[in-house]
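Novice: Would you mind keeping the following structure in view while I ask a few things?
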Amino acid sequence: MENNKATADNKSRGFARHRREDMIGKIYTYLCVLMLIVVIVAIVYFVASKGLATFFKDGVSPIEFLFGTHWSPDGDNPSFGALPFIGGSFVVSMLAALIAGPLSICAALFMTEIVPGKGKRILQPVIELLSGIPSVVYGFIGLTVLVPFISTLTGGDSLGYGVAAGALVLSVMILPTITSIAADALASLPRGMREASYALGATRWQTIYRVVLPTLAPSLWTGVILGIARAFGEALAVQMVIGNAPFLPTSLLTSASTLTSVITLNMTNTSTGSVQNNVLWSMALMLLFMTFVFIIIVRLLQRRNKL
Amino acid sequence: TTTEPAATGTTTTPAATEQPAEASVSGEILAVGSTALQPLVDQVGQEFMANNPDVVVQVQGGGSGTGLTQVSEGAANIGNSDVFAEEKLDADKAAELVDHQVAVVAMATVVNKDAGVTNLTKQQLLDVFNGTVTNWSEVGGADQKITIVNRPSSSGTRATFEKYALGEKVENVPGAIEQDSSGTVKQIVADTKGAVGYLAFSYLDDTVTALSYDGVEPTEANVQSGDYPIWAYEHMYTKGEPDGATKAFLDYFMTEEVQNADVTELGYIPVSSMEVKRDAEGKVIQ
Amino acid sequence: MQTSTQPRFGTEELSVFYGTNEAVKKINMEFPEKSVTALIGPSGCGKSTFLRSLNRMNDEIASARVVGKIWMDGQDLNDKETDAVTLRQKIGMVWQRPNPFYKSIYENIAFGPRYHGTKNKKQLDEIVEQSLRRAALWDEVKDRLKESALALSGGQQQRLCIARALSVSPQILLLDEPASALDPVSTGKVEELIIELKKELRIVIVTHNMQQAARVSDSTAYFYLGNLIEHDDTTKLFSNPSNQMTQEYIMGRFG
Amino acid sequence: MQTSTQPRFGTEELSVFYGTNEAVKKINMEFPEKSVTALIGPSGCGKSTFLRSLNRMNDEIASARVVGKIWMDGQDLNDKETDAVTLRQKIGMVWQRPNPFYKSIYENIAFGPRYHGTKNKKQLDEIVEQSLRRAALWDEVKDRLKESALALSGGQQQRLCIARALSVSPQILLLDEPASALDPVSTGKVEELIIELKKELRIVIVTHNMQQAARVSDSTAYFYLGNLIEHDDTTKLFSNPSNQMTQEYIMGRFG
Amino acid sequence: MKAKTADKIATGVIIFFAVLIVAILGGLLGFILFRGIAHIDWHFLTSPSQNFKAGGGIGPQLFNSLFLLVLTMIITVPLGLGGGIYMAEYAKENKLTGFIRLVVEVLSSFPSIVVGLFGLLLFVNTFGFGYSLLSGAIALAIFNLPLMVRITEQAFRAVPREQKEAGLALGLSKWKIITSILLPVALPSLITGTILAAGRVFGEAAALLFTSGMTTPPLDFTDWNPFHARSPINPMRSAETLAVHIWKVNSEGRIPDAKDVSAGASAVLVIMVLLFNLVARWFGRVVYRKITASKQVN
Ligand SMILES: Nc1ncnc2c1ncn2[C@@H]1O[C@H](COP(=O)(O)OP(=O)(O)OP(=O)(O)O)[C@@H](O)[C@H]1O
Ligand SMILES: Nc1ncnc2c1ncn2[C@@H]1O[C@H](COP(=O)(O)OP(=O)(O)OP(=O)(O)O)[C@@H](O)[C@H]1O
Ligand SMILES: [Mg+2]
Ligand SMILES: [Mg+2]
Ligand SMILES: O=P([O-])([O-])[O-]
């Protein structure tokens with residue numbers, strides 16, 4: 001901060017002052033942003049250094065980790081195939097998106113197209129509440145209601161634990177994510193676009209189906225992808241209902257695992273530094289990596305969506 | 001840069017095996033580890049704090065692995081574990097730790113009440129858990145498909161069960177499920193036809209059938225006599241010999257007051273009542 | 001395409017409310033055949049609102065309520081029984097800002113007819129060419145029909161929107177400041193187009209440019225605060241308005 | 001408050017680019033003392049962009065780049081060395097849409113002077129009263145100075161914004177379509193105010209209303225596509241423009 | 001006619017799904033409250049939990065959840081505000097900004113369990129904060145930060161640009177404009193957003209298992225010295241929150257009334273989230289009215 005010469009001069013005092021103020025503002029906000037960057041770098045660094053140790057220190061083959069289907073970390077002849085978990089995560093979150101996607105888009109359409117105004121006033125708080133319900137509570141309900149229900153549905157053939165239960169619980173959890181993004185996208189569509197279609201004598205559904213949805217497809221996909229990302233990273237609720245068997249899911253009713261569930265179950269029971277522990281960090285790294293992938297997909301989608 | 005645990009308390013009464021005198025010790029004790037052991041340690045910790053207002057006992061779960069790691073790294077005063085340290089840590093690290101066996105936990109195989117079996121031999125049990133046998137009728141029970149409810153592969157309970165009941169590690173059978181919580185395991189076994197799992201004695205009740213093992217009933221007496229082999233110690237490890245508040249706490253743990261009240265109340269068996277002892281390899285040494 | 005010979009098109013005591021705010025107040029107006037009617041008035045006086053009620057576009061605004069009658073072919077368009085979707089086919093509309101669909105040029109035009117039953121590719125091609133020709137855009141775009149409509153310039157987009165409106169053979173065309181976002185050359189083209197089109201259909205145009213109203217319209221209506229202050233032959237209204245307020249507005253005393 | 005007696009205020013080869021698009025092209029203009037200069041031209045011709053570059057407001061638009069010189073008191077305002085924050089104090093600005101701060105009427109006016117060092121309550125009161133009087137608003141608001149400025153009508157808000165601009169004693173006032181969102185009565189008041197204020201300071205006003213330009217300005221400049229087409233005495237320009245394009249615009253041939 | 005039938009059917013389907021969603025929420029809330037409300041009484045809300053006896057309460061857990069939230073907010077709000085202001089007012093459209101945006105997005109969809117493990121590694125162990133409120137608060141702040149940044153950025157972007165220009169034209173410094181002109185206008189949506197975000201943090205468990213811990217030392221509610229071990233507001237003590245308690249009771253819990261406790265605690269959690277929503281809306285409106293209404297201002 002340079003000091004001012006003509007202190008008597010009101011204006012030059014103002015000069016120094018606004019410079020000083022702006023400097024404070026800049027330092028403050030830049031520090032905050034720096035903090036964000038530090039946090040992410042630190043997370044990536046820590047997770048990567050632990051997660052990569054599996055391969056570099058313990059000598060587990062990355063090929064085995066990524067494509068092996070045999071998971072037996074404590075066996076006498078340990079093997080570390082994480083494909084069942086990677087596959088499980090994908091299957092469960094895709095299924096969840098498959099259920100929640102259409103539902104959410106309908107909800108968003110309801111808010112913006114079918115009953116604009118009032119629809120939003122009803123559904124918006126509902127959506128916010130759904131997103132506010134803690135995941136342990138979702139897990140608890142899944143455990144006490146959904147799982148027995150599925151079991152009864154199958155006539156007791158299945159325990160109810162499995163992919164279907166996991167996907168259903170997750171679908172409710174990601175409903176708010178997709179809905180709010182879809183609703184924002186719908187709201188951002190210029191009114192004129194809809195009106196032009198109406199003015200041609202198109203019905204509301206024709207307008208939605210032929211004009212609104214195609215135009216907004218990239219944004220809607222963004223919502224779905226972020227929903228999948230959320231589902232991918234959700235831990236406790238899934239772990240409570242999915243059954244946690246370390247096998248690639250073969251049907252909706254078989255017990256399976258996800259990356260998050262195997263981490264939750266085993267991370268704390270293994271001792272730091274052991275290969276059993278490190279391989280779980282590798283899975284955390286995998287989660288991190290997938291988050292990046294999802295975000296990049298979203299970015300590519302948004303680039304296509306220059307409204 | 002791991003901070004030293006704040007176990008810098010001092011003991012005025014040497015070897016306080018009896019009731020610790022009021023306000024005799026001070027400091028903070030951090031006990032981390034086994035979630036199974038956590039309720040017991042937490043309970044005893046609270047009583048200990050009530051007697052020693054200057055002591056804070058912090059009990060965290062996190063699992064046996066975390067407990068052993070933390071105590072070995074000096075991040076905790078006590079590492080709670082369901083298994084011997086040698087089973088989780090490198091030998092040199094394990095050697096630095098001092099074992100305090102505070103209770104014995106015994107487990108029983110449990111099946112759904114309709115399964116129609118009350119006893120399995122070691123071989124039969126192994127066949128069930130490694131998937132060789134898939135229907136209860138094959139081992140003399142009802143014609144029901146077997147559904148296995150396992151604990152996670154890293155769980156101490158599972159390790160104990162595999163070691164002493166099955167005699168070897170088994171891998172998951174497709175269709176089996178893993179649950180982290182004993183309560184849930186019991187619930188599932190009680191509700192699902194053909195389900196089988198394993199539970200600590202404390203969880204047993206008449207909603208499930210507890211099986212005899214090689215003809216020996218899962219009772220406390222059979223465990224104490226050494227006839228029933230599916231049991232393990234609950235360990236509280238310290239790095240080196242404990243001192244100060246930690247020592248006072250561990251000593252308090254071994255008092256009659258705790259062993260015959262809290263320990264038994266929670267379904268554990270007091271170590272002192274055992275007629276046999278085991279080492280880390282599982283060999284009976286007495 | 002023939003000009004239909006419906007006897008009248010007009011409103012009777014037409015009011016529009018947004019909530020409790022009466023934005024358009026009991027308008028009685030007649031739109032003669034084969035003629036252009038211009039609506040002028042200061043910003044916010046209700047021109048757009050009035051225009052949008054003519055093809056029931058205000059149905060789409062939750063807070064809007066339209067009261068009164070809109071006569072066309074002896075039918076009250078504002079009747080609950082009248083199907084808005086069907087009538088909109090007969091009444092085309094074009095807005096201030098060009099709003100092409102995010103589709104190809106071809107699809108923009110073919111969209112309406114296809115929905116109304118023309119599936120035949122050849123027929124569609126014909127309609128597309130016809131409509132673009134009538135909107136004086138054919139020559140400029142005929143080689144790039146498959147390209148995105150968004151790649152056109154503003155003026156071209158606006159003519160595309162007019163072509164789109166024409167594609168479903170409307171009998172009436174509603175234009176809301178169709179040239180105000182355009183450059184002079186495009187404005188000129190759109191104005192010529194309007195004069196051309198009125199040979200075949202009725203046109204109602206909202207404009208804030210009085211010279212434009214004077215150039216293209218046969219009759220002009222002056223709105224103020226939701227009221228229809230004066231409606232007369234365009235030459236009469238601009239040269240010798242009977243109302244003092246109209247006079248002041250035309251003189252540019254405000255607005 | 002005295003009118004300062006700086007010799008010149010004007011631009012020299014001033015161009016403004018948005019990215020690569022040259023929105024304002026090498027404008028040379030002089031704004032004489034104690035006079036009102038009006039900028040007219042069709043939408044998008046660069047009037048606002050030019051006006052905003054005069055007080056370096058375009059600094060705030062990342063894509064905007066201003067090239068050329070702006071002379072004031074022999075200093076080039078567009079020089080990197082010149083401190084934009086300080087100079088803006090000398091050049092007030094008012095926009096099309098009234099934009100009072102979300103504060104009380106009093107605070108709206110007192111905010112600037114207080115920031116610039118006037119802490120004395122009495123002095124501040126004086127400035128507030130003075131500024132409101134000069135903006136012809138004092139009588140209407142003197143009893144409710146503590147109320148929110150947002151509760152004022154549009155016309156009052158606009159005069160409040162003028163008063164706010166006056167509160168820091170600018171030597172120049174830039175007005176961007178200050179009356180286009182106002183009703184006739186408010187428009188009249190604002191126009192009177194401009195005529196009143198020019199006794200003390202230079203005023204540059206952008207307007208799309210040619211009658212307004214004719215009424216309030218001493219000289220008028222016609223912009224088209226970023227170029228300054230013609231700049232002359234207002235009476236001369238409207239009665240007998242030397243340029244064909246100006247003529248066409250004034251006749252309402254487009255825009 | 002066909003088009004109209006399709007329209008009717010589609011509309012019906014959309015409305016059906018919308019109703020379904022409302023029904024799901026209604027069902028969830030109904031279920032949670034129905035199951036839980038019977039267990040909620042003054043004793044349950046205020047007394048400490050039990051380890052293996054029935055009849056424990058959730059008093060310390062409830063307090064911990066709230067206090068942890070306060071701590072989290074103390075960390076998040078200033079940082080998030082600064083970050084958001086940067087994004088809205090300082091960031092130029094360049095690669096760096098693109099990168100920061102990426103950081104914020106990635107951070108906001110990080111799996112919470114990874115953040116928890118990171119917290120265990122860094123705050124609990126390396127920094128030696130131990131299982132403590134502080135560790136938990138930092139971990140939660142990491143979640144909340146991106147949300148806060150986004151809320152702030154949106155709130156500032158929603159302020160009419162003309163406000164800023166008006167300030168500039170008076171010769172004010174940018175920082176002064178941000179703090180004295182834009183901030184008050186952005187405040188209502190800032191407050192609403194912050195409270196809603198807080199509600200979300202309230203139910204987080206996965207990250208806290210490893211950071212703020214799973215037990216609470218006996219608290220002395222007469223001792224408010226933050227440096228005392230048993231003081232409720234000692235940030236270095238471990239603290240089990242409501243959500244963690246539900247998790248714990250459901251996993252290795254040994255109390256006979258585990259079902260009742262978790263039902264009751266779930267109900268309390270959900271009621272709190274409901275409260276957050278209501279308060280957020282109400283408070284936002286009040287502030288908005290204060291700032292814009294024709295009543296006395298300033
Ligand atoms: N969707 C709406 N909801 C509520 N009020 C509205 C809406 N649209 C317009 N209004 C109000 O109705 C009145 C008339 O608006 P309208 O748009 O018809 O005016 P206009 O004459 O077309 O103005 P302009 O020349 O600016 O387009 C105005 O007061 C406006 O604020
Ligand atoms: N922020 C901006 N970024 C990029 N281009 C801009 C920006 N602002 C204006 N322009 C462009 O610069 C040109 C001049 O715009 P400007 O706003 O100066 O016109 P104007 O004469 O004030 O028009 P109007 O009468 O509509 O206010 C236009 O082509 C416009 O699209
Ligand atoms: Mg309009
Ligand atoms: Mg402009
Ligand atoms: O206490 P566990 O190691 O069996 O989870």
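All residue names refer to the structure tokens as shown: chains lettered A, B, ... in order, residues numbered from 1 in each chain, ligands numbered from 1 in order.
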When DSSP works through the backbone of this structure, what residues of region 116-200 of chain C end up as strand (DSSP E), shown as an MDAnalysis selection string?
Specialist: chainID C and resid 172:176
Novice: Residues within 9 Å of ligand 5 (only C-alpha atoms and all ligand atoms), as an mmCIF file with all heavy atoms, in the first residue's frame?
Specialist:
data_model
loop_
_atom_site.group_PDB
_atom_site.id
_atom_site.type_symbol
_atom_site.label_atom_id
_atom_site.label_comp_id
_atom_site.auth_asym_id
_atom_site.auth_seq_id
_atom_site.Cartn_x
_atom_site.Cartn_y
_atom_site.Cartn_z
ATOM 1 N N LEU A 265 -18.092 -50.653 5.031
ATOM 2 C CA LEU A 265 -18.066 -51.866 5.837
ATOM 3 C C LEU A 265 -16.669 -52.204 6.335
ATOM 4 O O LEU A 265 -16.498 -52.686 7.444
ATOM 5 C CB LEU A 265 -18.581 -53.044 5.013
ATOM 6 C CG LEU A 265 -20.085 -53.124 4.840
ATOM 7 C CD1 LEU A 265 -20.447 -54.358 4.042
ATOM 8 C CD2 LEU A 265 -20.751 -53.189 6.207
ATOM 9 N N ASN A 266 -15.675 -51.975 5.503
ATOM 10 C CA ASN A 266 -14.370 -52.542 5.821
ATOM 11 C C ASN A 266 -13.281 -51.549 6.205
ATOM 12 O O ASN A 266 -12.276 -51.939 6.779
ATOM 13 C CB ASN A 266 -13.873 -53.373 4.634
ATOM 14 C CG ASN A 266 -14.771 -54.570 4.403
ATOM 15 O OD1 ASN A 266 -14.985 -55.366 5.300
ATOM 16 N ND2 ASN A 266 -15.325 -54.662 3.214
ATOM 17 N N THR A 268 -12.908 -49.347 8.431
ATOM 18 C CA THR A 268 -12.525 -49.163 9.829
ATOM 19 C C THR A 268 -12.055 -50.449 10.469
ATOM 20 O O THR A 268 -11.459 -50.440 11.532
ATOM 21 C CB THR A 268 -13.714 -48.626 10.621
ATOM 22 O OG1 THR A 268 -14.805 -49.526 10.426
ATOM 23 C CG2 THR A 268 -14.098 -47.259 10.144
ATOM 24 N N ASN A 269 -12.362 -51.579 9.832
ATOM 25 C CA ASN A 269 -11.948 -52.846 10.421
ATOM 26 C C ASN A 269 -10.559 -53.273 9.976
ATOM 27 O O ASN A 269 -10.053 -54.284 10.416
ATOM 28 C CB ASN A 269 -12.952 -53.935 10.065
ATOM 29 C CG ASN A 269 -14.169 -53.862 10.960
ATOM 30 O OD1 ASN A 269 -14.055 -53.508 12.120
ATOM 31 N ND2 ASN A 269 -15.313 -54.151 10.406
ATOM 32 N N GLY B 33 -11.792 -48.175 18.682
ATOM 33 C CA GLY B 33 -11.732 -49.477 18.035
ATOM 34 C C GLY B 33 -13.053 -50.199 17.925
ATOM 35 O O GLY B 33 -14.082 -49.565 17.697
ATOM 36 N N SER B 34 -12.993 -51.484 18.133
ATOM 37 C CA SER B 34 -14.111 -52.402 17.899
ATOM 38 C C SER B 34 -15.461 -51.794 18.239
ATOM 39 O O SER B 34 -15.686 -51.307 19.346
ATOM 40 C CB SER B 34 -13.909 -53.649 18.737
ATOM 41 O OG SER B 34 -15.133 -54.321 18.893
ATOM 42 N N THR B 35 -16.350 -51.858 17.283
ATOM 43 C CA THR B 35 -17.690 -51.351 17.555
ATOM 44 C C THR B 35 -18.430 -52.310 18.471
ATOM 45 O O THR B 35 -19.318 -51.904 19.212
ATOM 46 C CB THR B 35 -18.476 -51.183 16.250
ATOM 47 O OG1 THR B 35 -18.243 -52.318 15.417
ATOM 48 C CG2 THR B 35 -18.057 -49.928 15.531
ATOM 49 N N ALA B 36 -18.046 -53.587 18.406
ATOM 50 C CA ALA B 36 -18.733 -54.555 19.257
ATOM 51 C C ALA B 36 -18.416 -54.287 20.722
ATOM 52 O O ALA B 36 -19.273 -54.417 21.588
ATOM 53 C CB ALA B 36 -18.322 -55.970 18.865
ATOM 54 N N LEU B 37 -17.200 -53.911 20.973
ATOM 55 C CA LEU B 37 -16.754 -53.686 22.347
ATOM 56 C C LEU B 37 -17.142 -52.295 22.867
ATOM 57 O O LEU B 37 -17.167 -52.065 24.075
ATOM 58 C CB LEU B 37 -15.225 -53.857 22.390
ATOM 59 C CG LEU B 37 -14.513 -53.908 23.726
ATOM 60 C CD1 LEU B 37 -15.164 -54.915 24.661
ATOM 61 C CD2 LEU B 37 -13.048 -54.270 23.509
ATOM 62 N N GLN B 38 -17.454 -51.426 21.924
ATOM 63 C CA GLN B 38 -17.675 -50.034 22.298
ATOM 64 C C GLN B 38 -18.699 -49.821 23.408
ATOM 65 O O GLN B 38 -18.417 -49.095 24.370
ATOM 66 C CB GLN B 38 -18.063 -49.215 21.061
ATOM 67 C CG GLN B 38 -18.088 -47.727 21.345
ATOM 68 C CD GLN B 38 -18.633 -46.944 20.165
ATOM 69 O OE1 GLN B 38 -18.764 -47.480 19.073
ATOM 70 N NE2 GLN B 38 -18.932 -45.695 20.385
ATOM 71 N N GLY B 61 -15.825 -45.694 18.249
ATOM 72 C CA GLY B 61 -15.917 -46.930 17.480
ATOM 73 C C GLY B 61 -14.849 -46.900 16.412
ATOM 74 O O GLY B 61 -13.726 -46.515 16.669
ATOM 75 N N GLY B 62 -15.250 -47.265 15.239
ATOM 76 C CA GLY B 62 -14.282 -47.186 14.156
ATOM 77 C C GLY B 62 -13.805 -48.544 13.725
ATOM 78 O O GLY B 62 -13.270 -48.697 12.642
ATOM 79 N N GLY B 63 -13.978 -49.548 14.565
ATOM 80 C CA GLY B 63 -13.585 -50.885 14.150
ATOM 81 C C GLY B 63 -12.239 -51.286 14.714
ATOM 82 O O GLY B 63 -11.403 -50.447 15.046
ATOM 83 N N SER B 64 -12.054 -52.600 14.786
ATOM 84 C CA SER B 64 -10.829 -53.126 15.393
ATOM 85 C C SER B 64 -9.592 -52.636 14.662
ATOM 86 O O SER B 64 -8.577 -52.309 15.275
ATOM 87 C CB SER B 64 -10.861 -54.652 15.362
ATOM 88 O OG SER B 64 -12.036 -55.110 15.974
ATOM 89 N N GLY B 65 -9.664 -52.589 13.346
ATOM 90 C CA GLY B 65 -8.505 -52.176 12.556
ATOM 91 C C GLY B 65 -8.077 -50.768 12.908
ATOM 92 O O GLY B 65 -6.897 -50.482 13.143
ATOM 93 N N SER B 81 -10.061 -54.157 20.425
ATOM 94 C CA SER B 81 -10.049 -55.055 19.280
ATOM 95 C C SER B 81 -10.743 -56.363 19.592
ATOM 96 O O SER B 81 -10.702 -56.854 20.722
ATOM 97 C CB SER B 81 -8.600 -55.326 18.850
ATOM 98 O OG SER B 81 -8.587 -56.285 17.829
ATOM 99 N N ASP B 82 -11.387 -56.920 18.580
ATOM 100 C CA ASP B 82 -12.008 -58.232 18.716
ATOM 101 C C ASP B 82 -11.015 -59.340 18.423
ATOM 102 O O ASP B 82 -11.305 -60.500 18.614
ATOM 103 C CB ASP B 82 -13.174 -58.387 17.722
ATOM 104 C CG ASP B 82 -14.194 -57.291 17.870
ATOM 105 O OD1 ASP B 82 -14.314 -56.755 18.977
ATOM 106 O OD2 ASP B 82 -14.867 -56.979 16.872
ATOM 107 N N VAL B 83 -9.884 -58.949 17.866
ATOM 108 C CA VAL B 83 -8.917 -59.977 17.456
ATOM 109 C C VAL B 83 -7.552 -59.652 18.038
ATOM 110 O O VAL B 83 -7.296 -58.525 18.478
ATOM 111 C CB VAL B 83 -8.813 -60.037 15.913
ATOM 112 C CG1 VAL B 83 -10.123 -60.513 15.313
ATOM 113 C CG2 VAL B 83 -8.413 -58.686 15.352
ATOM 114 N N ARG B 151 -20.965 -61.636 8.083
ATOM 115 C CA ARG B 151 -20.448 -60.325 8.480
ATOM 116 C C ARG B 151 -19.401 -59.927 7.450
ATOM 117 O O ARG B 151 -18.898 -60.782 6.718
ATOM 118 C CB ARG B 151 -19.817 -60.404 9.865
ATOM 119 C CG ARG B 151 -20.778 -60.794 10.977
ATOM 120 C CD ARG B 151 -21.842 -59.739 11.201
ATOM 121 N NE ARG B 151 -21.261 -58.456 11.494
ATOM 122 C CZ ARG B 151 -20.877 -58.062 12.707
ATOM 123 N NH1 ARG B 151 -21.036 -58.861 13.728
ATOM 124 N NH2 ARG B 151 -20.361 -56.869 12.895
ATOM 125 N N PRO B 152 -19.049 -58.648 7.380
ATOM 126 C CA PRO B 152 -18.043 -58.218 6.393
ATOM 127 C C PRO B 152 -16.736 -58.977 6.580
ATOM 128 O O PRO B 152 -16.406 -59.392 7.692
ATOM 129 C CB PRO B 152 -17.847 -56.735 6.699
ATOM 130 C CG PRO B 152 -19.042 -56.336 7.459
ATOM 131 C CD PRO B 152 -19.561 -57.533 8.162
ATOM 132 N N SER B 154 -13.815 -58.174 6.860
ATOM 133 C CA SER B 154 -12.825 -57.642 7.789
ATOM 134 C C SER B 154 -13.295 -57.679 9.232
ATOM 135 O O SER B 154 -12.575 -57.272 10.136
ATOM 136 C CB SER B 154 -12.478 -56.206 7.392
ATOM 137 O OG SER B 154 -13.657 -55.429 7.397
ATOM 138 N N SER B 155 -14.518 -58.152 9.432
ATOM 139 C CA SER B 155 -15.085 -58.092 10.782
ATOM 140 C C SER B 155 -14.414 -59.087 11.730
ATOM 141 O O SER B 155 -14.066 -60.203 11.351
ATOM 142 C CB SER B 155 -16.589 -58.360 10.698
ATOM 143 O OG SER B 155 -17.010 -59.165 11.764
ATOM 144 N N GLY B 156 -14.259 -58.674 12.953
ATOM 145 C CA GLY B 156 -13.637 -59.532 13.952
ATOM 146 C C GLY B 156 -14.530 -60.718 14.286
ATOM 147 O O GLY B 156 -14.055 -61.840 14.498
ATOM 148 N N THR B 157 -15.817 -60.460 14.326
ATOM 149 C CA THR B 157 -16.748 -61.532 14.611
ATOM 150 C C THR B 157 -16.611 -62.638 13.573
ATOM 151 O O THR B 157 -16.560 -63.818 13.883
ATOM 152 C CB THR B 157 -18.189 -60.975 14.593
ATOM 153 O OG1 THR B 157 -18.236 -59.828 15.420
ATOM 154 C CG2 THR B 157 -19.170 -62.009 15.075
ATOM 155 N N ARG B 158 -16.535 -62.210 12.316
ATOM 156 C CA ARG B 158 -16.422 -63.196 11.251
ATOM 157 C C ARG B 158 -15.097 -63.956 11.357
ATOM 158 O O ARG B 158 -15.051 -65.173 11.208
ATOM 159 C CB ARG B 158 -16.524 -62.520 9.888
ATOM 160 C CG ARG B 158 -16.346 -63.504 8.745
ATOM 161 C CD ARG B 158 -16.837 -62.916 7.466
ATOM 162 N NE ARG B 158 -16.503 -63.745 6.319
ATOM 163 C CZ ARG B 158 -16.913 -63.471 5.092
ATOM 164 N NH1 ARG B 158 -17.666 -62.401 4.867
ATOM 165 N NH2 ARG B 158 -16.587 -64.247 4.092
ATOM 166 N N ALA B 159 -14.047 -63.207 11.669
ATOM 167 C CA ALA B 159 -12.744 -63.843 11.778
ATOM 168 C C ALA B 159 -12.773 -64.912 12.872
ATOM 169 O O ALA B 159 -12.294 -66.026 12.674
ATOM 170 C CB ALA B 159 -11.678 -62.792 12.081
ATOM 171 N N THR B 160 -13.354 -64.572 14.008
ATOM 172 C CA THR B 160 -13.453 -65.527 15.106
ATOM 173 C C THR B 160 -14.248 -66.763 14.697
ATOM 174 O O THR B 160 -13.856 -67.900 14.933
ATOM 175 C CB THR B 160 -14.139 -64.846 16.312
ATOM 176 O OG1 THR B 160 -13.393 -63.708 16.665
ATOM 177 C CG2 THR B 160 -14.251 -65.802 17.478
ATOM 178 N N ASP B 180 -23.427 -55.466 8.508
ATOM 179 C CA ASP B 180 -22.418 -55.005 9.457
ATOM 180 C C ASP B 180 -22.917 -55.086 10.886
ATOM 181 O O ASP B 180 -22.156 -54.934 11.814
ATOM 182 C CB ASP B 180 -22.019 -53.571 9.107
ATOM 183 C CG ASP B 180 -20.708 -53.198 9.766
ATOM 184 O OD1 ASP B 180 -19.969 -54.126 10.138
ATOM 185 O OD2 ASP B 180 -20.445 -52.009 9.919
ATOM 186 N N SER B 181 -24.193 -55.308 11.040
ATOM 187 C CA SER B 181 -24.745 -55.145 12.373
ATOM 188 C C SER B 181 -25.347 -56.446 12.876
ATOM 189 O O SER B 181 -26.095 -57.121 12.170
ATOM 190 C CB SER B 181 -25.795 -54.031 12.337
ATOM 191 O OG SER B 181 -26.999 -54.462 12.883
ATOM 192 N N SER B 182 -24.992 -56.811 14.098
ATOM 193 C CA SER B 182 -25.497 -58.057 14.671
ATOM 194 C C SER B 182 -27.001 -58.016 14.819
ATOM 195 O O SER B 182 -27.683 -59.014 14.595
ATOM 196 C CB SER B 182 -24.851 -58.288 16.033
ATOM 197 O OG SER B 182 -23.468 -58.429 15.883
ATOM 198 N N GLU E 252 -24.222 -51.503 15.748
ATOM 199 C CA GLU E 252 -23.808 -52.369 16.842
ATOM 200 C C GLU E 252 -24.524 -52.038 18.131
ATOM 201 O O GLU E 252 -24.072 -52.389 19.204
ATOM 202 C CB GLU E 252 -22.298 -52.251 17.072
ATOM 203 C CG GLU E 252 -21.382 -53.188 16.305
ATOM 204 C CD GLU E 252 -21.884 -54.600 16.081
ATOM 205 O OE1 GLU E 252 -22.126 -55.322 17.070
ATOM 206 O OE2 GLU E 252 -21.993 -54.999 14.924
#
Novice: Grab the CA of Val115 (chain A) to CA of Thr82 (chain C) distance for me, in Å with one decimal place.
Specialist: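 These atoms are spaced 20.8 Å apart.
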Novice: Please find the residues of chain D near chain C - the criterion being any atom within 12 Å, counting only C-alpha atoms - and write them as a PyMOL selection string.
Specialist: chain D and resi 41-45+177-191+207-215+224-225+245+248-255
Novice: Counting only C-alpha atoms, which residues from chain D have an atom at most 8 Å from any atom of chain A, and could you show them as a list of chain:residue names?
Specialist: D:Asp83, D:Val85, D:Thr86, D:His116, D:Gly117
Novice: Counting only C-alpha atoms, which residues of chain B come no farther than 8 Å from chain E, as a list in words?
Specialist: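 Every residue meeting the condition is included here: Thr1, Thr2, Thr3, Thr35, Ala36, Pro39, Leu40, Asp42, Gln43, Gln46, Val56, Val57, Gln58, Val59, Gln60, Gly61, Gly62, Ala75, Asp180, Ser181, Ser182, Gly183, Thr184 and Leu266 of chain B.
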